[in-house]
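Structure below is start.txt: compact mmCIF, C-alpha atoms.
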# COMPACT_ATOMS: atom_id res chain seq x y z
CA MET A 223 -30.78 8.32 20.86
CA LYS A 224 -27.20 8.22 22.07
CA ALA A 225 -24.56 6.25 20.21
CA ASN A 226 -23.04 3.46 22.25
CA LEU A 227 -19.57 4.56 23.42
CA PRO A 228 -17.54 3.76 26.54
CA SER A 229 -17.90 6.35 29.29
CA SER A 230 -14.75 8.24 30.20
CA ASP A 231 -13.69 11.04 32.52
CA ASN A 232 -11.12 12.15 29.95
CA PRO A 233 -11.86 14.82 27.31
CA ARG A 234 -13.34 13.35 24.14
CA ILE A 235 -11.99 14.24 20.70
CA VAL A 236 -14.25 13.20 17.84
CA ILE A 237 -12.59 12.93 14.43
CA VAL A 238 -14.91 12.85 11.43
CA GLY A 239 -13.07 11.23 8.54
CA GLY A 240 -10.26 8.68 8.43
CA GLY A 241 -8.27 10.07 5.52
CA PHE A 242 -4.62 11.08 5.70
CA GLY A 243 -5.17 13.91 8.19
CA GLY A 244 -7.74 12.25 10.45
CA LEU A 245 -5.79 9.01 10.60
CA ARG A 246 -2.51 10.75 11.43
CA LEU A 247 -4.22 12.69 14.22
CA ALA A 248 -5.82 9.58 15.72
CA MET A 249 -2.57 7.64 15.62
CA ASP A 250 -0.62 10.46 17.25
CA LEU A 251 -3.25 10.74 20.01
CA SER A 252 -3.32 7.01 20.74
CA HIS A 253 -2.05 6.21 24.25
CA THR A 254 -2.76 9.77 25.46
CA ASN A 255 -5.23 10.86 28.13
CA TYR A 256 -7.85 11.78 25.53
CA GLN A 257 -10.71 9.54 24.50
CA VAL A 258 -10.55 9.55 20.70
CA VAL A 259 -13.52 8.59 18.53
CA VAL A 260 -12.94 8.14 14.78
CA ILE A 261 -16.03 8.22 12.56
CA ASP A 262 -15.99 7.20 8.91
CA LYS A 263 -18.55 5.89 6.42
CA ASN A 264 -16.07 3.16 5.45
CA ASN A 265 -14.34 0.77 7.85
CA TYR A 266 -10.99 1.21 6.13
CA HIS A 267 -8.43 3.86 5.19
CA GLN A 268 -7.98 4.35 1.44
CA PHE A 269 -4.67 5.21 -0.23
CA GLN A 270 -6.08 7.66 -2.73
CA PRO A 271 -2.93 8.35 -4.84
CA LEU A 272 -3.13 4.83 -6.29
CA PHE A 273 -6.85 4.72 -7.12
CA TYR A 274 -5.98 5.12 -10.79
CA GLN A 275 -4.00 1.85 -10.71
CA VAL A 276 -7.05 0.04 -9.34
CA ALA A 277 -9.18 1.61 -12.09
CA THR A 278 -6.74 0.45 -14.78
CA ALA A 279 -6.31 -3.11 -13.40
CA GLY A 280 -2.78 -2.64 -12.08
CA LEU A 281 -3.54 -3.22 -8.39
CA GLU A 282 -6.02 -5.13 -6.26
CA PRO A 283 -8.34 -2.88 -4.20
CA SER A 284 -7.39 -4.72 -1.02
CA SER A 285 -3.71 -3.80 -1.43
CA ILE A 286 -4.31 -0.09 -0.91
CA ILE A 287 -6.88 -0.15 1.89
CA PHE A 288 -6.33 -0.87 5.58
CA PRO A 289 -9.03 -1.58 8.22
CA PHE A 290 -9.33 1.06 10.95
CA ARG A 291 -10.02 -1.49 13.67
CA ARG A 292 -6.79 -3.29 12.87
CA MET A 293 -4.85 -0.04 13.18
CA PHE A 294 -6.27 0.74 16.61
CA GLN A 295 -6.19 -2.74 18.14
CA LYS A 296 -3.54 -1.73 20.68
CA ALA A 297 -4.82 1.81 21.26
CA LYS A 298 -7.30 1.40 24.11
CA ASN A 299 -8.28 5.07 24.09
CA VAL A 300 -9.21 5.10 20.37
CA HIS A 301 -12.67 3.92 19.29
CA PHE A 302 -13.90 3.54 15.72
CA ARG A 303 -17.53 3.83 14.62
CA LEU A 304 -18.81 3.04 11.14
CA ALA A 305 -21.29 5.85 10.67
CA GLU A 306 -22.33 8.84 8.61
CA VAL A 307 -22.62 12.29 10.15
CA ASN A 308 -25.90 14.06 9.48
CA ALA A 309 -25.38 17.33 11.35
CA ILE A 310 -23.38 19.15 14.02
CA SER A 311 -24.77 21.09 16.97
CA THR A 312 -22.00 23.38 18.16
CA GLU A 313 -24.20 24.69 20.97
CA LYS A 314 -24.81 21.22 22.43
CA LYS A 315 -21.33 20.04 21.43
CA GLU A 316 -22.67 16.94 19.76
CA ILE A 317 -22.95 15.43 16.31
CA GLU A 318 -25.91 13.53 14.89
CA THR A 319 -25.10 10.27 13.12
CA ASN A 320 -27.11 7.33 11.83
CA LEU A 321 -26.01 5.51 15.00
CA GLY A 322 -27.31 8.27 17.26
CA SER A 323 -25.82 11.40 18.80
CA ILE A 324 -22.22 11.64 20.00
CA THR A 325 -21.07 14.36 22.35
CA TYR A 326 -17.60 15.87 22.11
CA ASP A 327 -15.25 18.19 23.90
CA TYR A 328 -13.33 18.83 20.70
CA LEU A 329 -14.46 18.07 17.16
CA VAL A 330 -12.08 17.64 14.23
CA ILE A 331 -13.59 17.73 10.75
CA ALA A 332 -11.38 15.77 8.35
CA THR A 333 -13.96 14.89 5.73
CA GLY A 334 -11.71 15.67 2.78
CA ALA A 335 -13.08 16.70 -0.59
CA GLY A 336 -15.38 15.19 -3.17
CA THR A 337 -15.58 15.59 -6.93
CA ASN A 338 -16.60 19.00 -8.25
CA PHE A 339 -18.90 18.73 -11.27
CA PHE A 340 -19.47 22.52 -11.27
CA GLY A 341 -23.22 22.14 -11.02
CA ASN A 342 -23.63 19.94 -14.11
CA GLU A 343 -25.98 17.15 -13.05
CA ARG A 344 -25.56 15.13 -16.25
CA LEU A 345 -21.80 15.05 -15.81
CA ALA A 346 -22.27 13.98 -12.19
CA LYS A 347 -24.55 11.16 -13.28
CA LEU A 348 -22.80 9.90 -16.42
CA SER A 349 -19.07 10.49 -15.96
CA TYR A 350 -16.66 8.44 -13.84
CA PRO A 351 -14.98 10.15 -10.87
CA MET A 352 -12.24 8.51 -8.81
CA LYS A 353 -12.53 9.69 -5.20
CA SER A 354 -13.04 6.25 -3.66
CA ILE A 355 -12.14 2.60 -4.15
CA GLY A 356 -15.74 1.93 -5.18
CA GLU A 357 -15.61 4.57 -7.92
CA ALA A 358 -12.26 3.22 -9.16
CA LEU A 359 -13.80 -0.26 -9.48
CA VAL A 360 -16.82 1.12 -11.33
CA LEU A 361 -14.47 2.76 -13.83
CA ARG A 362 -12.49 -0.47 -14.22
CA ASN A 363 -15.68 -2.41 -14.97
CA SER A 364 -16.82 0.21 -17.46
CA LEU A 365 -13.50 0.24 -19.33
CA PHE A 366 -13.29 -3.51 -19.78
CA LEU A 367 -16.99 -3.88 -20.54
CA SER A 368 -16.54 -1.24 -23.24
CA PHE A 369 -13.78 -3.29 -24.88
CA GLU A 370 -16.11 -6.30 -24.93
CA HIS A 371 -18.91 -4.21 -26.45
CA ALA A 372 -16.49 -2.78 -29.03
CA LEU A 373 -15.62 -6.31 -30.11
CA ALA A 374 -19.32 -7.05 -30.67
CA SER A 375 -20.12 -3.70 -32.36
CA GLU A 376 -21.51 -3.85 -35.88
CA THR A 377 -20.40 -0.39 -37.06
CA GLU A 378 -17.07 1.43 -36.86
CA ALA A 379 -18.75 4.49 -35.34
CA GLU A 380 -20.24 2.44 -32.53
CA LYS A 381 -16.93 0.63 -31.96
CA GLU A 382 -15.03 3.92 -31.77
CA GLY A 383 -17.44 5.22 -29.13
CA TYR A 384 -16.69 2.21 -26.93
CA LEU A 385 -12.93 2.40 -27.48
CA ASN A 386 -12.41 6.14 -26.99
CA VAL A 387 -11.58 7.43 -23.52
CA VAL A 388 -11.79 11.09 -22.50
CA VAL A 389 -10.10 12.20 -19.29
CA VAL A 390 -11.07 15.63 -17.96
CA GLY A 391 -8.54 17.35 -15.72
CA GLY A 392 -4.80 17.71 -16.25
CA GLY A 393 -3.72 17.34 -12.64
CA PRO A 394 -1.76 14.32 -11.35
CA THR A 395 -4.81 12.01 -11.40
CA GLY A 396 -5.80 12.92 -14.96
CA VAL A 397 -2.25 12.66 -16.26
CA GLU A 398 -1.68 9.31 -14.55
CA VAL A 399 -4.96 7.81 -15.80
CA ALA A 400 -4.42 8.99 -19.38
CA GLY A 401 -0.84 7.71 -19.45
CA THR A 402 -1.76 4.31 -18.04
CA ILE A 403 -4.64 3.76 -20.47
CA ALA A 404 -2.35 4.77 -23.34
CA GLU A 405 0.11 2.08 -22.26
CA MET A 406 -2.75 -0.44 -22.06
CA LYS A 407 -3.66 0.44 -25.63
CA ARG A 408 -0.09 -0.20 -26.76
CA PHE A 409 0.93 -3.27 -24.76
CA ILE A 410 -2.12 -5.03 -23.27
CA LEU A 411 -5.25 -4.64 -25.36
CA PRO A 412 -3.85 -5.87 -28.72
CA ARG A 413 -2.88 -9.15 -27.03
CA ASP A 414 -6.24 -9.54 -25.28
CA TYR A 415 -8.26 -8.61 -28.38
CA PRO A 416 -6.22 -9.70 -31.42
CA GLU A 417 -9.35 -9.40 -33.61
CA MET A 418 -9.55 -5.64 -33.04
CA ASP A 419 -7.58 -2.78 -34.54
CA PHE A 420 -6.79 -0.36 -31.72
CA SER A 421 -5.44 2.32 -34.03
CA SER A 422 -8.97 3.78 -34.00
CA MET A 423 -8.87 4.13 -30.19
CA HIS A 424 -8.28 7.71 -29.05
CA ILE A 425 -7.31 8.80 -25.55
CA THR A 426 -7.97 12.49 -24.99
CA LEU A 427 -6.95 14.60 -21.99
CA VAL A 428 -8.91 17.84 -21.59
CA GLU A 429 -7.52 20.59 -19.34
CA GLY A 430 -9.03 24.02 -18.74
CA SER A 431 -5.73 25.81 -18.08
CA PRO A 432 -2.82 26.44 -20.49
CA LYS A 433 -0.78 23.51 -19.11
CA VAL A 434 -1.01 20.09 -17.47
CA LEU A 435 0.14 19.62 -13.84
CA ASN A 436 -0.79 23.20 -13.13
CA GLY A 437 0.41 22.96 -9.52
CA MET A 438 3.92 21.88 -10.47
CA SER A 439 6.86 23.64 -12.09
CA GLU A 440 6.96 24.72 -15.72
CA LYS A 441 9.63 22.10 -16.41
CA SER A 442 7.48 19.31 -14.99
CA SER A 443 4.46 20.50 -16.95
CA LEU A 444 6.33 20.57 -20.27
CA GLN A 445 7.99 17.21 -19.59
CA ALA A 446 4.69 15.57 -18.68
CA LEU A 447 3.09 16.99 -21.83
CA GLU A 448 5.91 15.55 -23.93
CA TYR A 449 5.52 12.14 -22.27
CA LEU A 450 1.78 12.12 -22.90
CA LYS A 451 2.18 12.98 -26.56
CA LYS A 452 4.82 10.25 -27.02
CA LEU A 453 2.33 7.77 -25.56
CA GLY A 454 -0.26 8.89 -28.10
CA VAL A 455 -2.51 10.87 -25.76
CA GLU A 456 -4.26 13.78 -27.46
CA VAL A 457 -3.96 16.72 -25.05
CA VAL A 458 -6.44 19.59 -25.40
CA LEU A 459 -5.57 22.68 -23.33
CA ASN A 460 -7.63 25.80 -22.52
CA ALA A 461 -10.78 23.76 -23.09
CA PHE A 462 -13.87 23.09 -20.98
CA VAL A 463 -16.40 20.29 -21.15
CA GLN A 464 -19.88 21.73 -21.57
CA ASP A 465 -22.01 18.60 -21.59
CA TYR A 466 -22.11 14.83 -21.86
CA ASP A 467 -25.05 12.61 -22.73
CA GLY A 468 -23.38 9.27 -22.08
CA LYS A 469 -22.22 8.93 -25.68
CA ILE A 470 -20.97 12.33 -26.88
CA VAL A 471 -18.73 14.80 -25.03
CA THR A 472 -19.33 18.43 -25.93
CA ILE A 473 -16.21 20.57 -25.49
CA LYS A 474 -16.22 24.31 -26.10
CA GLY A 475 -14.19 25.19 -29.19
CA VAL A 476 -13.37 21.55 -29.97
CA GLU A 477 -15.07 18.97 -32.16
CA ASN A 478 -17.37 16.65 -30.21
CA ILE A 479 -15.88 13.32 -29.14
CA ALA A 480 -17.76 10.02 -29.08
CA THR A 481 -17.03 8.01 -25.93
CA ARG A 482 -18.75 5.77 -23.41
CA ASN A 483 -16.01 6.47 -20.87
CA LEU A 484 -15.64 10.02 -19.58
CA VAL A 485 -13.25 10.09 -16.61
CA TRP A 486 -13.80 13.18 -14.43
CA ALA A 487 -10.74 14.43 -12.57
CA ALA A 488 -11.34 18.13 -13.10
CA GLY A 489 -11.81 19.51 -9.62
CA ILE A 490 -12.65 18.95 -5.99
CA VAL A 491 -15.03 20.53 -3.52
CA GLY A 492 -15.04 20.26 0.26
CA ASN A 493 -17.50 17.80 1.81
CA LYS A 494 -19.89 19.96 3.82
CA ILE A 495 -21.53 19.10 7.12
CA ILE A 496 -24.77 20.72 8.25
CA GLY A 497 -24.42 22.80 11.40
CA LEU A 498 -21.59 25.21 10.74
CA GLN A 499 -22.35 28.82 9.89
CA ASP A 500 -22.44 29.96 6.27
CA GLU A 501 -19.59 32.37 6.90
CA ASP A 502 -17.40 29.45 7.99
CA TYR A 503 -17.26 28.27 4.38
CA VAL A 504 -15.24 29.83 1.58
CA ARG A 505 -14.83 29.06 -2.11
CA GLY A 506 -14.63 25.36 -2.96
CA GLY A 507 -16.63 24.33 0.10
CA ARG A 508 -13.60 24.68 2.38
CA ILE A 509 -13.89 25.64 6.05
CA LYS A 510 -12.00 28.75 7.10
CA VAL A 511 -9.67 28.08 10.04
CA ASN A 512 -7.08 30.01 12.00
CA ARG A 513 -3.38 29.13 12.30
CA PHE A 514 -4.24 26.43 14.87
CA ASN A 515 -6.79 24.81 12.50
CA GLN A 516 -9.66 26.04 14.68
CA VAL A 517 -12.89 27.08 12.96
CA GLU A 518 -13.05 30.84 13.45
CA SER A 519 -16.63 30.86 14.73
CA ASN A 520 -16.05 28.08 17.28
CA THR A 521 -12.60 27.23 18.66
CA SER A 522 -13.68 23.79 19.95
CA VAL A 523 -14.21 22.74 16.33
CA TYR A 524 -11.21 22.08 14.07
CA ALA A 525 -10.84 21.33 10.37
CA ILE A 526 -7.83 19.74 8.68
CA GLY A 527 -6.81 18.51 5.25
CA ASP A 528 -8.55 19.23 1.95
CA VAL A 529 -11.62 20.64 3.67
CA ALA A 530 -9.62 23.26 5.63
CA TYR A 531 -8.79 26.73 4.33
CA MET A 532 -5.98 28.57 6.13
CA GLU A 533 -4.46 31.83 4.94
CA THR A 534 -0.79 32.48 5.67
CA GLU A 535 1.80 34.88 4.28
CA ARG A 536 3.29 32.13 2.10
CA TYR A 537 -0.11 30.71 1.14
CA PRO A 538 -2.59 33.61 0.96
CA ASN A 539 -5.06 31.47 -1.02
CA GLY A 540 -4.86 28.43 1.26
CA HIS A 541 -2.54 25.46 1.27
CA PRO A 542 -2.33 22.90 -1.56
CA GLN A 543 -4.98 20.21 -1.18
CA VAL A 544 -2.53 17.32 -1.04
CA ALA A 545 -1.89 14.42 1.33
CA GLN A 546 1.20 16.01 2.88
CA GLY A 547 -0.76 19.07 3.95
CA ALA A 548 -3.37 16.93 5.69
CA ILE A 549 -0.73 14.78 7.40
CA GLN A 550 1.23 17.79 8.62
CA GLN A 551 -1.91 19.45 9.99
CA GLY A 552 -2.90 16.23 11.74
CA LYS A 553 0.52 16.02 13.37
CA ASN A 554 0.46 19.65 14.44
CA ILE A 555 -2.92 19.66 16.14
CA ALA A 556 -2.08 16.34 17.83
CA LYS A 557 0.91 18.11 19.37
CA ASN A 558 -1.35 21.03 20.31
CA PHE A 559 -3.89 18.76 22.01
CA ILE A 560 -1.09 17.17 24.00
CA ALA A 561 0.26 20.63 24.85
CA MET A 562 -3.23 21.75 25.97
CA SER A 563 -3.49 18.75 28.31
CA LYS A 564 -0.26 19.93 29.93
CA SER A 565 -1.34 23.61 30.00
CA GLN A 566 1.38 24.45 27.52
CA LYS A 567 1.29 26.88 24.61
CA MET A 568 -0.06 25.73 21.25
CA LYS A 569 2.00 26.00 18.08
CA LYS A 570 0.80 27.64 14.88
CA PHE A 571 0.71 25.49 11.78
CA GLU A 572 3.40 26.08 9.15
CA TYR A 573 3.23 24.04 5.98
CA LYS A 574 6.52 22.52 4.84
CA ASN A 575 6.59 21.84 1.12
CA LEU A 576 8.30 18.47 0.71
CA GLY A 577 7.85 18.50 -3.05
CA SER A 578 5.39 17.08 -5.55
CA MET A 579 5.48 14.36 -8.16
CA ALA A 580 3.46 12.61 -10.83
CA THR A 581 3.97 9.56 -13.01
CA VAL A 582 2.92 9.41 -16.64
CA GLY A 583 3.79 5.80 -17.37
CA ARG A 584 6.55 3.21 -17.35
CA ASN A 585 9.91 4.93 -16.65
CA LYS A 586 8.19 8.30 -17.03
CA ALA A 587 7.65 10.62 -14.07
CA VAL A 588 8.35 14.17 -12.94
CA VAL A 589 9.49 15.26 -9.49
CA ASP A 590 9.66 18.77 -8.04
CA LEU A 591 11.66 19.10 -4.84
CA PRO A 592 12.02 22.46 -3.05
CA ASN A 593 15.38 23.09 -4.73
CA ARG A 594 15.51 20.61 -7.57
CA HIS A 595 13.58 19.22 -10.53
CA PHE A 596 14.20 15.94 -12.32
CA ALA A 597 12.32 13.62 -14.64
CA GLY A 598 12.45 10.25 -16.37
CA PHE A 599 13.51 6.90 -14.94
CA SER A 600 15.10 8.30 -11.75
CA ALA A 601 11.95 10.31 -11.02
CA TRP A 602 9.85 7.21 -11.65
CA LEU A 603 11.91 5.24 -9.11
CA VAL A 604 11.56 8.03 -6.54
CA TRP A 605 7.80 8.14 -7.14
CA MET A 606 7.56 4.37 -6.52
CA VAL A 607 9.66 4.45 -3.33
CA VAL A 608 7.73 7.38 -1.84
CA HIS A 609 4.34 5.79 -2.52
CA LEU A 610 5.43 2.36 -1.37
CA ARG A 611 6.66 3.77 1.94
CA SER A 612 3.38 5.62 2.44
CA ILE A 613 1.15 2.56 2.10
CA LEU A 614 -0.02 1.10 5.41
CA GLY A 615 0.80 -2.49 6.33
CA ILE A 616 3.77 -4.68 5.45
CA LYS A 617 1.52 -7.11 3.54
CA ASN A 618 0.04 -4.27 1.47
CA LYS A 619 3.50 -2.92 0.66
CA PHE A 620 4.59 -6.38 -0.47
CA LEU A 621 1.49 -6.91 -2.64
CA VAL A 622 1.85 -3.54 -4.33
CA PHE A 623 5.55 -4.06 -4.95
CA LEU A 624 4.94 -7.56 -6.31
CA ASN A 625 2.28 -6.29 -8.71
CA TRP A 626 4.55 -3.49 -9.89
CA ILE A 627 7.42 -5.89 -10.56
CA TRP A 628 5.12 -8.33 -12.38
CA ASN A 629 3.58 -5.61 -14.52
CA TYR A 630 6.99 -4.15 -15.34
CA LEU A 631 8.60 -7.45 -16.36
CA THR A 632 5.67 -8.94 -18.25
CA TYR A 633 3.88 -5.88 -19.68
CA ASN A 634 0.80 -7.58 -18.31
CA LEU A 635 -1.95 -6.38 -15.98
CA SER A 636 -3.20 -9.43 -14.10
CA LEU A 637 -6.41 -7.94 -12.71
CA ARG A 638 -8.48 -7.33 -15.84
CA LEU A 639 -11.68 -8.52 -14.18
CA ILE A 640 -15.22 -7.40 -14.91
CA ILE A 641 -17.18 -7.75 -11.69
CA GLN A 642 -20.87 -7.19 -12.24
CA ASN A 643 -23.64 -7.09 -9.67
CA PRO A 644 -25.87 -10.18 -9.83
CA ARG A 645 -29.44 -9.44 -10.79
CA ARG A 646 -31.86 -9.51 -7.94
CA GLU A 647 -35.55 -10.15 -8.33
CA GLU A 648 -37.75 -7.46 -6.97
CA ILE A 649 -39.89 -8.63 -4.06
CA LYS A 650 -43.46 -7.53 -4.60
CA GLU A 651 -45.71 -7.06 -1.62
CA GLU A 652 -49.11 -8.60 -1.98

Rendering of file as structure tokens:
Amino acid sequence: MKANLPSSDNPRIVIVGGGFGGLRLAMDLSHTNYQVVVIDKNNYHQFQPLFYQVATAGLEPSSIIFPFRRMFQKAKNVHFRLAEVNAISTEKKEIETNLGSITYDYLVIATGAGTNFFGNERLAKLSYPMKSIGEALVLRNSLFLSFEHALASETEAEKEGYLNVVVVGGGPTGVEVAGTIAEMKRFILPRDYPEMDFSSMHITLVEGSPKVLNGMSEKSSLQALEYLKKLGVEVVLNAFVQDYDGKIVTIKGVENIATRNLVWAAGIVGNKIIGLQDEDYVRGGRIKVNRFNQVESNTSVYAIGDVAYMETERYPNGHPQVAQGAIQQGKNIAKNFIAMSKSQKMKKFEYKNLGSMATVGRNKAVVDLPNRHFAGFSAWLVWMVVHLRSILGIKNKFLVFLNWIWNYLTYNLSLRLIIQNPRREEIKEE
């Protein structure tokens, strides 16, 4: 069965994934002579850097997502399909989806990366990752349900298990989650639950390497560690989670921790698609590409963003898996597609490091620019401006900014909602 798409005499570029890279590519190819088809399992783009604020009740989910169809309303050559890709046939130049098969002239894989549980099925089942809006909301529900259960607990041991939070992974996501929950413990929860003593609540950050923010400078790492400790976060370095049964976290070399909330931000792995050759994949599930982002075994197939692995002199182990890398690759291959349509020479990709940053809490952030490092309030302001500018839609920017101002002035998170699925009766066939 063929998927329903408009016929066109122009070459068709199919983009699988509407993350930072895929979206940038589609937008840059709008109003060109290519027919562009964007495929995603969601009908909206998600601003992943702020998932943690949704999970900790600081932002509404709708303020950091943007519908694809709204983006492409004026781009007559761009078509969106809500679908999941099952397999690729590079020989037939088509992909199989749940809507049917879609042929392509050029295929761009921009599927990003998922959570890496390192083969531990219990961790995958019982911990809380944050790679989507849905997962962020599940974590938010779990956190606030746990506080309600703690209030009703009959023993101190049971109460402590509900109150404790363990965050695994000392990258930006882990640091930001741990810092935000620590501020909730200090400013929000005692007002919401005056009957409870939150001094027994422990927030623990577990990191397998010798420092937090391993991808940033030594200064940023030490500053972030200092901020976390001032907020009351217990940071455990050079430690690895071995198991979790839903109540107890087992950490090698560390005393077991009782918690009902294990947040998993410890690693990512590329989202694989059936149909590419085994040798196309390298460590971490990434697809090996050349300097033009073409898959080495088939130059009509491209990969960009977190799922792409490109070796260069400056980055012999691949580029950092960050939004800027995906955006820059999307821009570059858009230029190359336009150059190809004009029979011009393609340009090799060169990653430009614009810097990195992370926030640990109110007035606390670290920023690494190519030639400068700074921290504290000024870094926090820079972090806010950069993220606000990156969010799609004027309305979304306004909503995020309004929430930030409200939270800052009132020390109050206005979205502490527990949204549970209504029970549905099973329909029995007679």

Just give me the gap between atom CA of A:Ser421 and atom CA of A:Leu361 in Å, one decimal is fine.
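Result for atom CA of A:Ser421 versus atom CA of A:Leu361: 22.1 Å, one decimal.
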
Can you tell me which residues surround A:Gly401 at a distance of at most 6 Å, considering only C-alpha atoms, apart from same-chain residues fewer than 3 positions away, and format the answer as a list in words?
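These residues fall inside the cut-off: Glu398, Ala404, Val582 and Gly583 of chain A.
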
Any idea what's packed within 12 Å of A:Phe290, counting all atoms listed in the file, ignoring anything in its chain fewer than 3 positions away? Could you give it as an MDAnalysis selection string?
chainID A and resid 239:241 244:246 248:249 259:268 287 293:297 300:304 614:615

Output C-alpha atoms for every residue in that selection, as a PDB file, in the frame of the given file.
ATOM      1  CA  GLY A 239     -13.070  11.230   8.540  1.00  0.00           C
ATOM      2  CA  GLY A 240     -10.260   8.680   8.430  1.00  0.00           C
ATOM      3  CA  GLY A 241      -8.270  10.070   5.520  1.00  0.00           C
ATOM      4  CA  GLY A 244      -7.740  12.250  10.450  1.00  0.00           C
ATOM      5  CA  LEU A 245      -5.790   9.010  10.600  1.00  0.00           C
ATOM      6  CA  ARG A 246      -2.510  10.750  11.430  1.00  0.00           C
ATOM      7  CA  ALA A 248      -5.820   9.580  15.720  1.00  0.00           C
ATOM      8  CA  MET A 249      -2.570   7.640  15.620  1.00  0.00           C
ATOM      9  CA  VAL A 259     -13.520   8.590  18.530  1.00  0.00           C
ATOM     10  CA  VAL A 260     -12.940   8.140  14.780  1.00  0.00           C
ATOM     11  CA  ILE A 261     -16.030   8.220  12.560  1.00  0.00           C
ATOM     12  CA  ASP A 262     -15.990   7.200   8.910  1.00  0.00           C
ATOM     13  CA  LYS A 263     -18.550   5.890   6.420  1.00  0.00           C
ATOM     14  CA  ASN A 264     -16.070   3.160   5.450  1.00  0.00           C
ATOM     15  CA  ASN A 265     -14.340   0.770   7.850  1.00  0.00           C
ATOM     16  CA  TYR A 266     -10.990   1.210   6.130  1.00  0.00           C
ATOM     17  CA  HIS A 267      -8.430   3.860   5.190  1.00  0.00           C
ATOM     18  CA  GLN A 268      -7.980   4.350   1.440  1.00  0.00           C
ATOM     19  CA  ILE A 287      -6.880  -0.150   1.890  1.00  0.00           C
ATOM     20  CA  MET A 293      -4.850  -0.040  13.180  1.00  0.00           C
ATOM     21  CA  PHE A 294      -6.270   0.740  16.610  1.00  0.00           C
ATOM     22  CA  GLN A 295      -6.190  -2.740  18.140  1.00  0.00           C
ATOM     23  CA  LYS A 296      -3.540  -1.730  20.680  1.00  0.00           C
ATOM     24  CA  ALA A 297      -4.820   1.810  21.260  1.00  0.00           C
ATOM     25  CA  VAL A 300      -9.210   5.100  20.370  1.00  0.00           C
ATOM     26  CA  HIS A 301     -12.670   3.920  19.290  1.00  0.00           C
ATOM     27  CA  PHE A 302     -13.900   3.540  15.720  1.00  0.00           C
ATOM     28  CA  ARG A 303     -17.530   3.830  14.620  1.00  0.00           C
ATOM     29  CA  LEU A 304     -18.810   3.040  11.140  1.00  0.00           C
ATOM     30  CA  LEU A 614      -0.020   1.100   5.410  1.00  0.00           C
ATOM     31  CA  GLY A 615       0.800  -2.490   6.330  1.00  0.00           C
TER      32      GLY A 615
END

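Atom CA of A:Ile237 to atom CA of A:Ala309 spans 13.9 Å [interatomic distance, one decimal].
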
Shell of 9 Å around A:Trp626, all atoms listed in the file, local chain residues under 4 positions omitted, as a ChimeraX atom specification:
/A:280-281,621-622,630-631

Preceding selection exported with C-alpha atoms as a PDB file, keeping the file's coordinate frame:
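Printed below is out-v1.pdb as written:
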ATOM      1  CA  GLY A 280      -2.780  -2.640 -12.080  1.00  0.00           C
ATOM      2  CA  LEU A 281      -3.540  -3.220  -8.390  1.00  0.00           C
ATOM      3  CA  LEU A 621       1.490  -6.910  -2.640  1.00  0.00           C
ATOM      4  CA  VAL A 622       1.850  -3.540  -4.330  1.00  0.00           C
ATOM      5  CA  TYR A 630       6.990  -4.150 -15.340  1.00  0.00           C
ATOM      6  CA  LEU A 631       8.600  -7.450 -16.360  1.00  0.00           C
TER       7      LEU A 631
END

Between A:Val387, A:Ile526, A:Ala358, A:Met579, which residue has the minimum interatomic distance to A:Asn512, considering all atoms listed in the file?
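The closest residue to A:Asn512 is A:Ile526.
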
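Considering the residues A:Met438, A:Asp528, A:Leu450, A:Asn629 and counting all atoms listed in the file, A:Pro592 has its shortest atom-to-atom contact with A:Met438.
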
Please, which residues are within 10 Å of (-15.2, 4.5, -33.4) by the file's coordinates, counting all atoms listed in the file, and could they come as a PyMOL selection string?
chain A and resi 372+375+377-386+420+422-424+479-481

Residues at most 6 Å from stretch 567-570 of chain A, counting only C-alpha atoms, excluding those fewer than 5 positions away in the same chain, as a ChimeraX atom specification?
/A:513-514,558

Between atom CA of A:Val517 and atom CA of A:Ser578, what is the spacing in Å?
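Taking atom CA of A:Ser578 as the start and atom CA of A:Val517 as the end point, the length is 27.9 Å.
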
Just checking: using all atoms listed in the file, which residue out of A:Glu429, A:Asp419, A:Asp327, A:Glu572 ends up closest to A:Val523?
A:Asp327

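Among the candidates A:Ile331, A:Ile470, A:Leu411, A:Ala587, the one nearest to A:Val388 when counting all atoms listed in the file is A:Ile470.
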
Go through A:Asn618, A:Ser252, A:Gln499, A:Asn625 and flag the residue nearest A:Ala556, using all atoms listed in the file for the distances.
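Nearest candidate to A:Ala556 out of A:Asn618, A:Ser252, A:Gln499, A:Asn625: A:Ser252.
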
Among listed residues A:Ser431, A:Ser522, A:Thr581, A:Thr534, nearest A:Phe559 (using all atoms listed in the file)
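For A:Phe559, the nearest of the given residues is A:Ser522.
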
Test item: residues at most 6 Å from A:Phe599, only C-alpha atoms, excluding those fewer than 2 positions along its chain, as an NGL selection string:
:A and (585-586 or 601-602)

Closest contacts (stretch 333-377 of chain A/stretch 538-543 of chain A, max 12 Å, only C-alpha atoms) as JSON lines:
{"residue": "A:Gly334", "atom": "CA", "partner": "A:Gln543", "partner_atom": "CA", "distance": 9.0}
{"residue": "A:Ala335", "atom": "CA", "partner": "A:Gln543", "partner_atom": "CA", "distance": 8.8}
{"residue": "A:Gly336", "atom": "CA", "partner": "A:Gln543", "partner_atom": "CA", "distance": 11.7}
